[in-house]
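Raw contents of run34.tsv, TSV, C-alpha atoms:
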```tsv
chain	number	residue	atom	x	y	z
P	281	MET	CA	65.69	-29.79	0.84
P	282	SER	CA	65.22	-31.03	4.39
P	283	LEU	CA	62.01	-31.22	6.39
P	284	LYS	CA	61.89	-30.17	10.02
P	285	ALA	CA	59.03	-30.89	12.40
P	286	VAL	CA	57.92	-27.88	14.43
P	287	SER	CA	56.61	-28.32	17.95
P	288	THR	CA	55.64	-26.05	20.83
P	289	ASP	CA	53.98	-26.66	24.17
P	290	LYS	CA	52.24	-23.29	23.76
P	291	ALA	CA	49.79	-24.93	21.34
P	292	PRO	CA	47.92	-28.21	21.76
P	293	ALA	CA	49.92	-31.34	21.09
P	294	ALA	CA	49.00	-33.24	17.95
P	295	ILE	CA	46.14	-35.66	18.62
P	296	GLY	CA	47.24	-38.06	15.91
P	297	PRO	CA	50.24	-39.16	13.84
P	298	TYR	CA	51.19	-35.71	12.55
P	299	SER	CA	53.28	-32.66	13.47
P	300	GLN	CA	51.98	-29.28	14.58
P	301	ALA	CA	53.84	-27.96	11.54
P	302	VAL	CA	56.58	-28.92	9.11
P	303	ALA	CA	59.17	-26.48	7.82
P	304	CYS	CA	60.43	-27.07	4.29
P	305	GLY	CA	62.91	-24.57	2.90
P	306	ASP	CA	61.57	-21.10	3.60
P	307	LEU	CA	57.96	-22.26	4.08
P	308	VAL	CA	56.13	-23.71	7.04
P	309	PHE	CA	53.02	-25.85	6.65
P	310	CYS	CA	50.92	-25.61	9.81
P	311	SER	CA	48.49	-28.39	10.63
P	312	GLY	CA	44.91	-27.47	11.36
P	313	GLN	CA	44.43	-25.93	14.77
P	314	ILE	CA	41.26	-26.53	16.71
P	315	PRO	CA	40.21	-24.58	19.83
P	316	LEU	CA	41.91	-26.68	22.48
P	317	ASP	CA	43.50	-25.10	25.52
P	318	PRO	CA	47.18	-26.09	25.23
P	319	GLN	CA	47.49	-26.57	29.00
P	320	THR	CA	44.41	-28.72	29.63
P	321	GLY	CA	43.71	-30.21	26.21
P	322	GLU	CA	40.06	-29.25	26.70
P	323	MET	CA	37.83	-27.47	24.17
P	324	VAL	CA	37.58	-23.72	24.76
P	325	GLY	CA	34.04	-22.33	24.63
P	326	ASP	CA	30.96	-23.68	22.96
P	327	GLU	CA	30.38	-20.90	20.42
P	328	ILE	CA	32.22	-19.83	17.29
P	329	VAL	CA	33.80	-16.56	18.53
P	330	ALA	CA	35.60	-18.17	21.48
P	331	GLN	CA	36.57	-21.20	19.43
P	332	THR	CA	37.92	-19.15	16.51
P	333	THR	CA	39.87	-16.94	18.91
P	334	GLN	CA	41.53	-19.99	20.50
P	335	ALA	CA	42.21	-21.76	17.19
P	336	LEU	CA	43.95	-18.63	15.87
P	337	ALA	CA	45.90	-18.18	19.13
P	338	ASN	CA	47.12	-21.77	18.75
P	339	LEU	CA	48.03	-21.13	15.12
P	340	GLY	CA	49.94	-18.01	16.16
P	341	GLU	CA	52.02	-20.02	18.63
P	342	VAL	CA	52.85	-22.67	16.03
P	343	LEU	CA	53.87	-19.95	13.58
P	344	LYS	CA	56.08	-18.34	16.25
P	345	ALA	CA	57.71	-21.70	17.05
P	346	SER	CA	58.56	-22.10	13.36
P	347	GLY	CA	60.22	-18.69	13.14
P	348	SER	CA	57.29	-17.16	11.25
P	349	SER	CA	54.36	-14.94	12.22
P	350	ARG	CA	50.79	-14.10	11.24
P	351	ASP	CA	51.96	-11.32	8.89
P	352	ARG	CA	53.95	-13.89	6.88
P	353	VAL	CA	51.02	-16.24	6.27
P	354	VAL	CA	50.51	-16.90	2.56
P	355	LYS	CA	47.42	-19.14	2.62
P	356	THR	CA	44.89	-20.40	5.13
P	357	THR	CA	42.12	-22.95	5.04
P	358	VAL	CA	39.18	-22.59	7.42
P	359	LEU	CA	36.96	-25.58	8.14
P	360	LEU	CA	33.61	-24.86	9.75
P	361	ALA	CA	31.08	-27.26	11.22
P	362	ASP	CA	28.34	-24.80	10.21
P	363	MET	CA	28.65	-22.20	7.43
P	364	ASN	CA	26.11	-20.09	9.35
P	365	ASP	CA	29.06	-19.28	11.65
P	366	PHE	CA	31.03	-17.76	8.76
P	367	ALA	CA	30.37	-14.08	9.52
P	368	GLN	CA	31.32	-14.37	13.20
P	369	MET	CA	34.41	-16.45	12.39
P	370	ASN	CA	35.36	-13.94	9.70
P	371	ALA	CA	35.19	-11.02	12.15
P	372	VAL	CA	37.61	-12.75	14.57
P	373	TYR	CA	39.84	-13.82	11.65
P	374	ALA	CA	39.96	-10.24	10.29
P	375	GLU	CA	40.99	-8.92	13.71
P	376	PHE	CA	43.72	-11.57	14.04
P	377	PHE	CA	45.28	-10.80	10.65
P	378	GLY	CA	44.65	-7.02	10.64
P	379	GLU	CA	45.67	-5.41	7.37
P	380	HIS	CA	47.39	-8.60	6.19
P	381	LYS	CA	45.06	-10.63	3.98
P	382	PRO	CA	46.41	-14.08	3.08
P	383	ALA	CA	44.74	-16.16	0.40
P	384	ARG	CA	42.02	-18.31	1.96
P	385	ALA	CA	39.53	-21.08	1.37
P	386	ALA	CA	36.64	-21.80	3.73
P	387	PHE	CA	34.51	-24.93	3.76
P	388	GLN	CA	31.68	-26.43	5.77
P	389	VAL	CA	32.49	-29.99	6.76
P	390	SER	CA	30.31	-32.64	8.34
P	391	ARG	CA	32.44	-33.01	11.47
P	392	LEU	CA	35.73	-31.81	12.97
P	393	PRO	CA	38.03	-33.47	15.53
P	394	LYS	CA	36.62	-33.41	19.07
P	395	ASP	CA	33.45	-31.88	17.56
P	396	ALA	CA	35.11	-28.46	17.26
P	397	LEU	CA	33.18	-25.74	15.44
P	398	VAL	CA	36.27	-24.52	13.56
P	399	GLU	CA	39.71	-25.68	12.42
P	400	ILE	CA	42.27	-23.42	10.75
P	401	GLU	CA	45.47	-24.40	8.91
P	402	ALA	CA	48.07	-22.18	7.27
P	403	VAL	CA	51.11	-22.00	5.02
P	404	ALA	CA	53.58	-19.23	5.81
P	405	LYS	CA	56.97	-17.89	4.84
P	406	ILE	CA	59.67	-18.34	7.48
```

Any chance you could give the structure as structure tokens?
Amino acid sequence: MSLKAVSTDKAPAAIGPYSQAVACGDLVFCSGQIPLDPQTGEMVGDEIVAQTTQALANLGEVLKASGSSRDRVVKTTVLLADMNDFAQMNAVYAEFFGEHKPARAAFQVSRLPKDALVEIEAVAKI
């Protein structure tokens, strides 16, 4: 089974030695997306709703570049700088996925890249 790196300029470029996503067979493993504007590389917003919206928009573009979509996501992981932001993040997340409800884990972490408030990764079927 071959691995194929996935890349799009419609989502922020990787800020380290990793790919935006890797396709393996009929699955795509999307790296964590933080709320960076793909054009400027700057953080979008300073509160959880704006940041979650941008992180999910970035994830959506990576999924599209892989040949997948949000309704084919099997599993997500949400990393939060503050678990007190969970309810607001969850509302944006629920709107993004609609009736589709992938498996999910959510964790509070001590710090995220570029001091983001949220990072979201996903595994999806292509």

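Distance check against Leu339 (chain P) using only C-alpha atoms: of P:Ser287, P:Asn364, P:Ser390, P:Gln319, the minimum falls on P:Ser287.
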
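If all atoms listed in the file are the atoms counted, then among P:Gln388, P:Gln331, P:Ser346, P:Thr320 the closest residue to Ser299 (chain P) is P:Ser346.
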
> From the set P:Ile328, P:Met281, P:Leu336, P:Leu316, which residue has the shortest atom-to-atom contact distance to Ala367 (chain P), counting only C-alpha atoms?
Replying inline: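 The answer is P:Ile328, which sits nearest to Ala367 (chain P).
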
> Do you know which residues are at most 12 Å from Val389 (chain P) counting only C-alpha atoms, after dropping those on the same chain fewer than 6 positions away, and could you put them as a ChimeraX atom specification?
Replying inline: /P:358-363,395-399

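Shortest atom-to-atom contact with Ile295 (chain P) among P:Ile314, P:Leu343, P:Leu307, P:Ala385: P:Ile314, counting all atoms listed in the file.
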
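We find CA of Arg384 (chain P) and CA of Cys310 (chain P) to be spaced 13.9 Å apart.
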
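Close contacts of Gly340 (chain P), defined as residues with an atom at most 8 Å away when counting all atoms listed in the file, with chain neighbours fewer than 4 positions off set aside, comprise Leu336, Lys344, Ser349 and Arg350 of chain P.
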
> Rounded to one decimal in Å, what is the spacing between CA of Ala383 (chain P) and CA of Glu401 (chain P)?
Replying inline: 11.9 Å

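Each of P:Val308, P:Met323, P:Phe377, P:Ala402 was compared to Ser348 (chain P) using all atoms listed in the file, and P:Val308 turns out to be the nearest.
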
>> Measuring between only C-alpha atoms, which one of P:Glu327, P:Lys394, P:Thr356, P:Asp351 shows the shortest distance to Met369 (chain P)?
In response: P:Glu327

Box for region 371-378 of chain P - axis-aligned, 6 Å on each of the six sides, all listed atoms - centre and size in Å to one decimal, as AutoDock Vina command-line options.
```
--center_x 40.2 --center_y -10.4 --center_z 12.4 --size_x 22.1 --size_y 18.8 --size_z 16.3
```

> Between CA of Ala386 (chain P) and CA of Asp306 (chain P), what is the spacing in Å?
Replying inline: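 CA of Ala386 (chain P) lies at a distance of 24.9 Å from CA of Asp306 (chain P).
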
>> Would you pick out the contacts of Phe309 (chain P) at 9 Å or less, using all atoms listed in the file, so that residues sharing its chain but fewer than 2 positions from it are not included, and give the list as a PyMOL selection string?
In response: chain P and resi 300-304+307+311+401-404

Compile the contact shell of Glu375 (chain P) as a CSV table (one decimal) with C-alpha atoms, in the frame of the given file: residues with an atom at most 12 Å away, counting all atoms listed in the file, same-chain residues fewer than 2 positions apart removed.
```
chain,number,residue,atom,x,y,z
P,329,VAL,CA,33.8,-16.6,18.5
P,332,THR,CA,37.9,-19.2,16.5
P,333,THR,CA,39.9,-16.9,18.9
P,336,LEU,CA,44.0,-18.6,15.9
P,337,ALA,CA,45.9,-18.2,19.1
P,350,ARG,CA,50.8,-14.1,11.2
P,368,GLN,CA,31.3,-14.4,13.2
P,369,MET,CA,34.4,-16.4,12.4
P,370,ASN,CA,35.4,-13.9,9.7
P,371,ALA,CA,35.2,-11.0,12.2
P,372,VAL,CA,37.6,-12.8,14.6
P,373,TYR,CA,39.8,-13.8,11.6
P,377,PHE,CA,45.3,-10.8,10.6
P,378,GLY,CA,44.6,-7.0,10.6
P,379,GLU,CA,45.7,-5.4,7.4
P,380,HIS,CA,47.4,-8.6,6.2
P,381,LYS,CA,45.1,-10.6,4.0
```

What would region 390-401 of chain P look like with all heavy atoms restored, written as a compact mmCIF listing (two decimals), in the coordinates of the input?
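Writing the result to result_2.txt gives the following:
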```txt
# COMPACT_ATOMS: atom_id res chain seq x y z
N SER P 390 31.33 -31.96 7.54
CA SER P 390 30.31 -32.64 8.34
C SER P 390 30.71 -32.79 9.80
O SER P 390 29.84 -32.83 10.67
CB SER P 390 29.98 -34.00 7.74
OG SER P 390 31.10 -34.84 7.76
N ARG P 391 32.02 -32.86 10.08
CA ARG P 391 32.44 -33.01 11.47
C ARG P 391 33.93 -32.70 11.58
O ARG P 391 34.70 -32.98 10.66
CB ARG P 391 32.18 -34.43 11.94
CG ARG P 391 32.28 -34.61 13.43
CD ARG P 391 31.73 -35.94 13.85
NE ARG P 391 31.84 -36.08 15.30
CZ ARG P 391 31.82 -37.23 15.92
NH1 ARG P 391 31.68 -38.35 15.25
NH2 ARG P 391 31.93 -37.28 17.22
N LEU P 392 34.33 -32.13 12.70
CA LEU P 392 35.73 -31.81 12.97
C LEU P 392 36.20 -32.60 14.20
O LEU P 392 35.38 -33.04 15.01
CB LEU P 392 35.89 -30.31 13.21
CG LEU P 392 35.70 -29.44 11.97
CD1 LEU P 392 35.55 -27.97 12.35
CD2 LEU P 392 36.87 -29.63 11.02
N PRO P 393 37.52 -32.75 14.36
CA PRO P 393 38.03 -33.47 15.53
C PRO P 393 37.49 -32.89 16.84
O PRO P 393 37.37 -31.67 16.99
CB PRO P 393 39.55 -33.26 15.44
CG PRO P 393 39.81 -33.05 13.98
CD PRO P 393 38.60 -32.29 13.49
N LYS P 394 37.15 -33.77 17.75
CA LYS P 394 36.62 -33.41 19.07
C LYS P 394 35.36 -32.55 18.97
O LYS P 394 35.01 -31.81 19.89
CB LYS P 394 37.68 -32.73 19.92
CG LYS P 394 38.85 -33.65 20.23
CD LYS P 394 39.70 -33.10 21.35
CE LYS P 394 40.76 -34.09 21.75
NZ LYS P 394 40.49 -34.74 23.01
N ASP P 395 34.68 -32.64 17.82
CA ASP P 395 33.45 -31.88 17.56
C ASP P 395 33.65 -30.36 17.67
O ASP P 395 32.73 -29.62 18.04
CB ASP P 395 32.30 -32.35 18.45
CG ASP P 395 31.86 -33.76 18.09
OD1 ASP P 395 31.75 -34.05 16.87
OD2 ASP P 395 31.65 -34.57 19.01
N ALA P 396 34.84 -29.89 17.31
CA ALA P 396 35.11 -28.46 17.26
C ALA P 396 34.19 -27.80 16.24
O ALA P 396 33.70 -28.45 15.31
CB ALA P 396 36.57 -28.21 16.88
N LEU P 397 33.98 -26.51 16.40
CA LEU P 397 33.18 -25.74 15.44
C LEU P 397 34.04 -25.19 14.32
O LEU P 397 33.51 -24.82 13.26
CB LEU P 397 32.47 -24.58 16.16
CG LEU P 397 31.51 -24.97 17.28
CD1 LEU P 397 30.93 -23.73 17.94
CD2 LEU P 397 30.40 -25.87 16.74
N VAL P 398 35.37 -25.12 14.54
CA VAL P 398 36.27 -24.52 13.56
C VAL P 398 37.65 -25.18 13.65
O VAL P 398 38.08 -25.60 14.72
CB VAL P 398 36.38 -22.99 13.76
CG1 VAL P 398 36.97 -22.63 15.11
CG2 VAL P 398 37.12 -22.30 12.63
N GLU P 399 38.32 -25.27 12.51
CA GLU P 399 39.71 -25.68 12.42
C GLU P 399 40.37 -24.80 11.37
O GLU P 399 39.77 -24.52 10.33
CB GLU P 399 39.83 -27.16 12.01
CG GLU P 399 41.25 -27.64 11.89
CD GLU P 399 41.35 -29.15 11.66
OE1 GLU P 399 40.32 -29.85 11.63
OE2 GLU P 399 42.49 -29.61 11.47
N ILE P 400 41.59 -24.33 11.66
CA ILE P 400 42.27 -23.42 10.75
C ILE P 400 43.71 -23.90 10.54
O ILE P 400 44.44 -24.11 11.51
CB ILE P 400 42.27 -21.98 11.28
CG1 ILE P 400 40.82 -21.52 11.54
CG2 ILE P 400 42.96 -21.03 10.29
CD1 ILE P 400 40.69 -20.18 12.24
N GLU P 401 44.10 -24.04 9.27
CA GLU P 401 45.47 -24.40 8.91
C GLU P 401 46.08 -23.27 8.10
O GLU P 401 45.36 -22.41 7.59
CB GLU P 401 45.52 -25.71 8.13
CG GLU P 401 44.87 -25.62 6.76
CD GLU P 401 45.03 -26.89 5.94
OE1 GLU P 401 45.25 -27.98 6.51
OE2 GLU P 401 44.91 -26.78 4.71
```
